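Asker: Just one file: my_file13.txt, with compact mmCIF, C-alpha atoms and all ligand atoms.
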# COMPACT_ATOMS: atom_id res chain seq x y z
CA MET Y 12 -1.98 8.20 65.70
CA THR Y 13 -0.08 6.55 62.87
CA ASP Y 14 3.34 6.63 64.57
CA ALA Y 15 2.42 4.09 67.24
CA LEU Y 16 0.28 2.02 64.89
CA ASP Y 17 3.12 1.77 62.40
CA ARG Y 18 5.21 -0.13 64.90
CA HIS Y 19 2.91 -3.10 64.53
CA PRO Y 20 4.81 -5.58 62.38
CA GLY Y 21 1.83 -7.09 60.59
CA LEU Y 22 -0.96 -4.97 59.25
CA PRO Y 23 -0.48 -1.42 57.99
CA ALA Y 24 -1.50 1.09 60.65
CA ALA Y 25 -4.82 2.19 59.21
CA ASP Y 26 -5.87 -1.42 58.61
CA LEU Y 27 -5.13 -2.45 62.18
CA HIS Y 28 -6.96 0.59 63.52
CA GLU Y 29 -10.02 -0.42 61.49
CA ARG Y 30 -9.63 -4.10 62.38
CA ILE Y 31 -9.66 -3.35 66.09
CA ARG Y 32 -12.85 -1.32 65.73
CA GLU Y 33 -14.51 -4.06 63.65
CA VAL Y 34 -13.55 -6.78 66.10
CA ALA Y 35 -14.70 -4.73 69.10
CA PHE Y 36 -18.00 -4.02 67.33
CA ALA Y 37 -18.49 -7.71 66.50
CA LEU Y 38 -17.77 -8.84 70.05
CA LEU Y 39 -20.04 -6.16 71.55
CA LEU Y 40 -22.91 -7.09 69.27
CA THR Y 41 -22.62 -10.82 69.91
CA GLU Y 42 -21.46 -10.94 73.54
CA ARG Y 43 -23.55 -7.95 74.73
CA ARG Y 44 -21.12 -7.05 77.50
CA PRO Y 45 -17.94 -5.00 77.91
CA ILE Y 46 -15.04 -6.55 76.00
CA GLY Y 47 -11.63 -7.02 77.61
CA PRO Y 48 -8.49 -5.84 75.81
CA ASP Y 49 -7.19 -9.41 75.99
CA GLU Y 50 -10.15 -10.59 73.93
CA ILE Y 51 -9.47 -7.95 71.30
CA ALA Y 52 -5.78 -8.80 71.31
CA ALA Y 53 -6.59 -12.46 70.76
CA ALA Y 54 -9.07 -11.76 67.98
CA THR Y 55 -6.81 -9.34 66.11
CA GLY Y 56 -3.55 -11.12 66.80
CA SER Y 57 -2.05 -7.93 68.24
CA PRO Y 58 0.45 -8.24 71.11
CA ASP Y 59 -1.11 -6.99 74.37
CA ALA Y 60 1.51 -4.28 74.84
CA ILE Y 61 0.87 -2.72 71.45
CA LEU Y 62 -2.89 -3.07 71.71
CA SER Y 63 -3.02 -1.37 75.10
CA GLY Y 64 -1.43 1.83 73.79
CA MET Y 65 -3.57 1.71 70.69
CA LEU Y 66 -6.79 1.42 72.70
CA ASP Y 67 -5.69 4.46 74.73
CA ARG Y 68 -5.26 6.48 71.56
CA LEU Y 69 -8.51 5.26 70.00
CA ALA Y 70 -10.40 6.15 73.19
CA ALA Y 71 -8.78 9.60 73.40
CA ALA Y 72 -9.83 10.32 69.81
CA GLY Y 73 -13.41 9.17 70.45
CA TRP Y 74 -13.19 6.06 68.26
CA ILE Y 75 -14.08 3.67 71.11
CA ASP Y 76 -15.81 3.90 74.49
CA ARG Y 77 -14.25 2.25 77.53
CA ASP Y 78 -15.28 1.65 81.13
CA GLN Y 79 -13.13 2.31 84.18
CA ALA Y 80 -11.66 -1.17 84.00
CA GLY Y 81 -10.41 -0.43 80.50
CA ARG Y 82 -12.87 -2.75 78.80
CA VAL Y 83 -14.34 -1.59 75.50
CA THR Y 84 -18.01 -0.65 75.77
CA GLY Y 85 -18.51 1.04 72.39
CA SER Y 86 -17.05 0.81 68.90
CA ALA Y 87 -18.04 1.82 65.38
CA GLY Y 88 -21.00 3.73 66.76
CA LEU Y 89 -22.48 0.83 68.75
CA SER Y 90 -22.28 1.33 72.50
CA LEU Y 91 -23.44 -0.21 75.75
CA THR Y 92 -22.95 3.10 77.52
CA THR Y 93 -22.85 6.20 75.35
CA GLY Y 94 -25.06 7.95 72.85
CA PRO Y 95 -28.42 9.65 72.60
CA HIS Y 96 -30.01 7.16 70.16
CA ARG Y 97 -31.26 3.69 70.98
CA ILE Y 98 -31.40 0.53 68.93
CA ALA Y 99 -32.86 -2.77 70.03
CA ILE Y 100 -31.23 -5.44 67.91
CA ASP Y 101 -30.60 -9.13 68.49
CA ALA Y 102 -32.71 -8.93 71.67
CA THR Y 103 -30.38 -6.35 73.20
CA GLU Y 104 -30.75 -2.62 73.72
CA PHE Y 105 -27.74 -0.62 72.63
CA ARG Y 106 -27.05 3.07 72.26
CA THR Y 107 -25.56 4.64 69.19
CA TRP Y 108 -23.35 7.69 68.89
CA CYS Y 109 -25.24 9.12 65.92
CA ALA Y 110 -28.51 8.46 64.15
CA CYS Y 111 -26.79 7.06 61.09
CA ASP Y 112 -25.14 4.39 63.26
CA ALA Y 113 -28.53 3.05 64.24
CA SER Y 114 -29.91 2.79 60.72
CA GLY Y 115 -26.56 1.67 59.28
CA ILE Y 116 -26.05 -1.16 61.75
CA ALA Y 117 -29.59 -2.46 61.20
CA ALA Y 118 -29.17 -2.25 57.42
CA ALA Y 119 -25.76 -3.92 57.32
CA ARG Y 120 -26.96 -6.75 59.54
CA GLY Y 121 -30.22 -7.03 57.59
CA ALA Y 122 -31.84 -7.01 61.00
CA ASP Y 123 -35.26 -6.48 62.47
CA ALA Y 124 -34.47 -3.64 64.83
CA ALA Y 125 -36.29 -0.95 66.79
CA ILE Y 126 -34.71 2.48 66.63
CA GLN Y 127 -35.69 5.23 69.03
CA THR Y 128 -34.55 8.81 69.08
CA GLU Y 129 -35.87 12.37 69.16
CA CYS Y 130 -36.20 15.02 66.49
CA ALA Y 131 -33.23 17.31 67.02
CA VAL Y 132 -35.36 20.39 66.33
CA CYS Y 133 -38.63 19.83 68.22
CA GLY Y 134 -37.80 16.91 70.53
CA LYS Y 135 -40.65 14.77 69.22
CA GLU Y 136 -40.05 11.08 69.81
CA ILE Y 137 -39.20 9.11 66.69
CA ALA Y 138 -39.62 5.32 66.64
CA LEU Y 139 -38.69 3.29 63.57
CA ASP Y 140 -38.83 -0.46 63.12
CA THR Y 141 -36.63 -1.97 60.45
CA ARG Y 142 -37.49 -5.22 58.71
CA ALA Y 143 -34.55 -7.16 57.32
CA GLY Y 144 -32.60 -3.95 57.75
CA GLN Y 145 -34.96 -1.77 55.74
CA PRO Y 146 -36.75 1.21 57.26
CA PRO Y 147 -40.45 1.77 56.64
CA THR Y 148 -41.27 3.54 53.40
CA ASP Y 149 -43.20 6.79 53.05
CA ARG Y 150 -42.11 8.19 56.36
CA PRO Y 151 -41.56 11.93 56.75
CA GLU Y 152 -38.36 11.62 58.79
CA ARG Y 153 -35.00 12.62 57.38
CA LEU Y 154 -31.49 11.76 58.44
CA TRP Y 155 -29.03 14.62 58.59
CA LEU Y 156 -25.56 13.45 57.64
CA ALA Y 157 -23.05 15.93 58.99
CA ALA Y 158 -20.07 16.66 56.77
CA GLY Y 159 -17.76 15.97 59.71
CA GLY Y 160 -14.45 17.51 60.68
CA ALA Y 161 -11.42 16.96 62.86
CA ASN Y 162 -13.39 15.69 65.86
CA LEU Y 163 -15.34 12.46 65.31
CA ARG Y 164 -17.91 12.91 68.07
CA GLY Y 165 -18.25 16.69 68.03
CA ASP Y 166 -18.12 17.30 64.30
CA PHE Y 167 -19.84 14.20 63.00
CA CYS Y 168 -21.71 12.10 65.55
CA ASP Y 169 -23.38 14.86 67.55
CA PRO Y 170 -24.92 16.77 64.61
CA THR Y 171 -25.89 13.56 62.73
CA VAL Y 172 -29.49 13.21 63.86
CA LEU Y 173 -32.99 12.32 62.75
CA LEU Y 174 -35.54 15.02 62.05
CA CYS Y 175 -39.28 14.44 62.23
CA SER Y 176 -40.12 16.14 58.92
CA PRO Y 177 -38.60 17.75 55.83
CA GLU Y 178 -39.36 21.12 57.42
CA HIS Y 179 -37.37 20.34 60.53
CA ALA Y 180 -34.60 18.89 58.36
CA ALA Y 181 -34.45 22.26 56.62
CA ALA Y 182 -34.35 24.05 59.98
CA TRP Y 183 -31.51 21.77 61.13
CA ALA Y 184 -29.63 22.34 57.87
CA GLU Y 185 -29.78 26.06 58.51
CA ARG Y 186 -28.53 25.65 62.08
CA GLN Y 187 -25.66 23.55 60.77
CA GLY Y 188 -24.76 26.16 58.18
CA GLY Y 189 -25.44 23.61 55.45
CA HIS Y 190 -22.45 21.56 56.65
CA GLY Y 191 -23.94 18.22 55.65
CA ARG Y 192 -27.02 16.92 53.85
CA ALA Y 193 -30.46 15.53 54.57
CA VAL Y 194 -31.35 12.11 53.15
CA HIS Y 195 -34.45 9.93 53.08
CA LEU Y 196 -34.50 6.89 55.36
CA ALA Y 197 -34.05 4.50 52.43
CA GLU Y 198 -30.93 6.35 51.35
CA ALA Y 199 -29.69 6.33 54.95
CA ALA Y 200 -30.10 2.54 55.01
CA ARG Y 201 -28.31 2.14 51.67
CA LEU Y 202 -25.34 4.24 52.79
CA GLY Y 203 -25.31 2.55 56.17
CA ALA Y 204 -25.27 -0.94 54.69
CA GLU Y 205 -22.09 0.03 52.84
CA GLY Y 206 -20.53 1.81 55.79
CA TRP Y 207 -21.04 -1.02 58.26
CA ALA Y 208 -20.52 -3.93 55.85
CA SER Y 209 -17.13 -4.93 57.26
CA CYS Y 210 -18.35 -4.62 60.85
CA ALA Y 211 -21.42 -6.72 60.07
CA ALA Y 212 -19.24 -9.33 58.38
CA ALA Y 213 -17.05 -9.50 61.47
CA ALA Y 214 -20.13 -9.95 63.64
CA GLY Y 215 -21.40 -12.68 61.32
CA ALA Y 216 -18.10 -14.52 61.63
CA VAL Y 217 -18.21 -14.36 65.43
CA ARG Y 218 -21.77 -15.63 65.45
CA ALA Y 219 -20.93 -18.47 63.08
CA GLY Y 220 -18.25 -19.57 65.51
CA THR Y 221 -15.54 -19.03 62.96
CA GLY Y 222 -14.05 -16.12 64.89
CA PRO Y 223 -13.75 -12.48 63.88
CA SER Y 224 -10.60 -13.23 61.87
CA ALA Y 225 -12.42 -15.57 59.50
CA GLY Y 226 -12.20 -14.66 55.87
CA ARG Y 227 -9.04 -12.60 56.28
ZN ZN Q 1 -39.28 17.92 64.68
Would you encode the structure as structure tokens?
Answerer:
Amino acid sequence: MTDALDRHPGLPAADLHERIREVAFALLLTERRPIGPDEIAAATGSPDAILSGMLDRLAAAGWIDRDQAGRVTGSAGLSLTTGPHRIAIDATEFRTWCACDASGIAAARGADAAIQTECAVCGKEIALDTRAGQPPTDRPERLWLAAGGANLRGDFCDPTVLLCSPEHAAAWAERQGGHGRAVHLAEAARLGAEGWASCAAAAGAVRAGTGPSAGR
């Protein structure tokens, strides 16, 4: 992916890649509708022609979701269309690609959110309400953080799930060949707050009316 990104005259490739995902995330969270490439181009300062090819590559690699019109419907784990987990945040119901997205986004935004998913082992429904981004304490659920691999969705998102109990977390760990680790919900929130900090900051800037480029 770096060859095309490197042609952008401004930001280094990896930074622009990340910036596009942050901006798309921020606009999705605040606008709650599919985001046109022109809006992302304007917010990142990327020429349309370069951005268009970059969005194609990001979509092909699973880093964004798009609809048939080419608008972005998911980024940085937050999606209007795709994902088995649900999060109600800012009065909107979104899906997330993996369970850590849901807890991470709530934690980074410091949000009251309702997370819904199913135990990956027994299918039991799991509902968690966060308060100011923090999950309830003393809950038996565990988050499995997959170690990841070459394929974002297949190797990381899909196996990163919630389990209803330490026992089912152990069963999932065995199914995954130990390729990852189980963490308590509080640890999941702590890691998530770090992981989504830049996305949450971008969303805060959009909401404050200062634009997603503020602070850069
Ligand atoms: Zn279970």
Asker: Can you measure CA of Thr41 in chain Y to CA of Gly220 in chain Y for me? One decimal in Å is fine.
Answerer: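 Separation between CA of Thr41 in chain Y and CA of Gly220 in chain Y: 10.7 Å.
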Asker: May I ask you to write as a ChimeraX atom specification all residues lying at most 9 Å from ligand ZN 1 (chain Q), with all atoms listed in the file counted?
Answerer: /Y:129-136,152,173-180
Asker: Quick check, in Å to one decimal: how far apart do CA of Gln145 in chain Y and CA of Thr107 in chain Y lie?
Answerer: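 For CA of Gln145 in chain Y relative to CA of Thr107 in chain Y, the distance reads 17.6 Å.
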Asker: Using all atoms listed in the file, can you tell me which of Y:Ala99, Y:Leu163, Y:Gly121, Y:His190 comes closest to Ala138 in chain Y?
Answerer: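 With all atoms listed in the file as the atom set, the closest residue is Y:Ala99.
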Asker: Just give me the gap between CA of Asp76 in chain Y and CA of Gly94 in chain Y in Å, one decimal is fine.
Answerer: 10.2 Å
Asker: Using all atoms listed in the file, what table do you get, as JSON lines, when you list each residue of range 66-114 of chain Y with an atom no more than 9 Å from range 32-36 of chain Y, its nearest pair of atoms, and their distance in Å rounded to one decimal, rows by chain then rising number?
Answerer:
{"residue": "Y:Leu69", "atom": "CA", "partner": "Y:Arg32", "partner_atom": "CA", "distance": 9.0}
{"residue": "Y:Trp74", "atom": "CA", "partner": "Y:Arg32", "partner_atom": "CA", "distance": 7.8}
{"residue": "Y:Ile75", "atom": "CA", "partner": "Y:Arg32", "partner_atom": "CA", "distance": 7.4}
{"residue": "Y:Val83", "atom": "CA", "partner": "Y:Ala35", "partner_atom": "CA", "distance": 7.1}
{"residue": "Y:Thr84", "atom": "CA", "partner": "Y:Ala35", "partner_atom": "CA", "distance": 8.5}
{"residue": "Y:Gly85", "atom": "CA", "partner": "Y:Phe36", "partner_atom": "CA", "distance": 7.2}
{"residue": "Y:Ser86", "atom": "CA", "partner": "Y:Phe36", "partner_atom": "CA", "distance": 5.2}
{"residue": "Y:Ala87", "atom": "CA", "partner": "Y:Arg32", "partner_atom": "CA", "distance": 6.1}
{"residue": "Y:Gly88", "atom": "CA", "partner": "Y:Phe36", "partner_atom": "CA", "distance": 8.3}
{"residue": "Y:Leu89", "atom": "CA", "partner": "Y:Phe36", "partner_atom": "CA", "distance": 6.8}
{"residue": "Y:Ser90", "atom": "CA", "partner": "Y:Phe36", "partner_atom": "CA", "distance": 8.6}
Asker: Only C-alpha atoms, please: the residues just picked out, written as a PDB file, in the frame of the given file.
Answerer:
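Full text of again.pdb as output:
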ATOM      1  CA  LEU Y  69      -8.510   5.260  70.000  1.00  0.00           C
ATOM      2  CA  TRP Y  74     -13.190   6.060  68.260  1.00  0.00           C
ATOM      3  CA  ILE Y  75     -14.080   3.670  71.110  1.00  0.00           C
ATOM      4  CA  VAL Y  83     -14.340  -1.590  75.500  1.00  0.00           C
ATOM      5  CA  THR Y  84     -18.010  -0.650  75.770  1.00  0.00           C
ATOM      6  CA  GLY Y  85     -18.510   1.040  72.390  1.00  0.00           C
ATOM      7  CA  SER Y  86     -17.050   0.810  68.900  1.00  0.00           C
ATOM      8  CA  ALA Y  87     -18.040   1.820  65.380  1.00  0.00           C
ATOM      9  CA  GLY Y  88     -21.000   3.730  66.760  1.00  0.00           C
ATOM     10  CA  LEU Y  89     -22.480   0.830  68.750  1.00  0.00           C
ATOM     11  CA  SER Y  90     -22.280   1.330  72.500  1.00  0.00           C
TER      12      SER Y  90
END
Asker: Using all atoms listed in the file, which of Y:Ala157, Y:Ile31, Y:Leu202, Y:Leu91 sits nearest Arg44 in chain Y?
Answerer: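 Of the candidates, the smallest distance to Arg44 in chain Y is held by Y:Leu91.
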Asker: Rank Y:Glu29, Y:Asp166, Y:Glu198, Y:Glu104 by their smallest atom-to-atom distance to Met65 in chain Y, using all atoms listed in the file, and report the top residue only.
Answerer: Y:Glu29
Asker: Nearest to Ala204 in chain Y among Y:Pro45, Y:Gly188, Y:Gly144, Y:Pro170, with distances taken over only C-alpha atoms: which residue is it?
Answerer: Y:Gly144
Asker: When distances are computed from all atoms listed in the file, which of Y:Arg120, Y:Arg142, Y:Arg82, Y:Arg201 shows the smallest separation from Ser63 in chain Y?
Answerer: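 Among the listed residues, Y:Arg82 lies closest to Ser63 in chain Y.
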Asker: In the coordinate frame of the file, compute which residues have an atom within 6 Å of (-24.4, -2.7, 63.2) when using only C-alpha atoms, and state them as a PyMOL selection string.
Answerer: chain Y and resi 116-117+211
Asker: Would you mind exporting the chosen residues as a CSV table (one decimal), keeping the file's coordinate frame, restricted to C-alpha atoms?
Answerer:
chain,number,residue,atom,x,y,z
Y,116,ILE,CA,-26.0,-1.2,61.8
Y,117,ALA,CA,-29.6,-2.5,61.2
Y,211,ALA,CA,-21.4,-6.7,60.1
Asker: Which is closer to Cys111 in chain Y than all the others in Y:Arg218, Y:Arg150, Y:Arg77, Y:Arg97, using only C-alpha atoms?
Answerer: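 Nearest candidate to Cys111 in chain Y out of Y:Arg218, Y:Arg150, Y:Arg77, Y:Arg97: Y:Arg97.
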Asker: Once 3 Å is added on each side, what centre and edge lengths in Å to one decimal does the axis-aligned box around all listed atoms of range 191-201 of chain Y have, as lines of an AutoDock Vina configuration file?
Answerer:
center_x = -29.2
center_y = 10.2
center_z = 53.5
size_x = 16.6
size_y = 22.1
size_z = 10.3
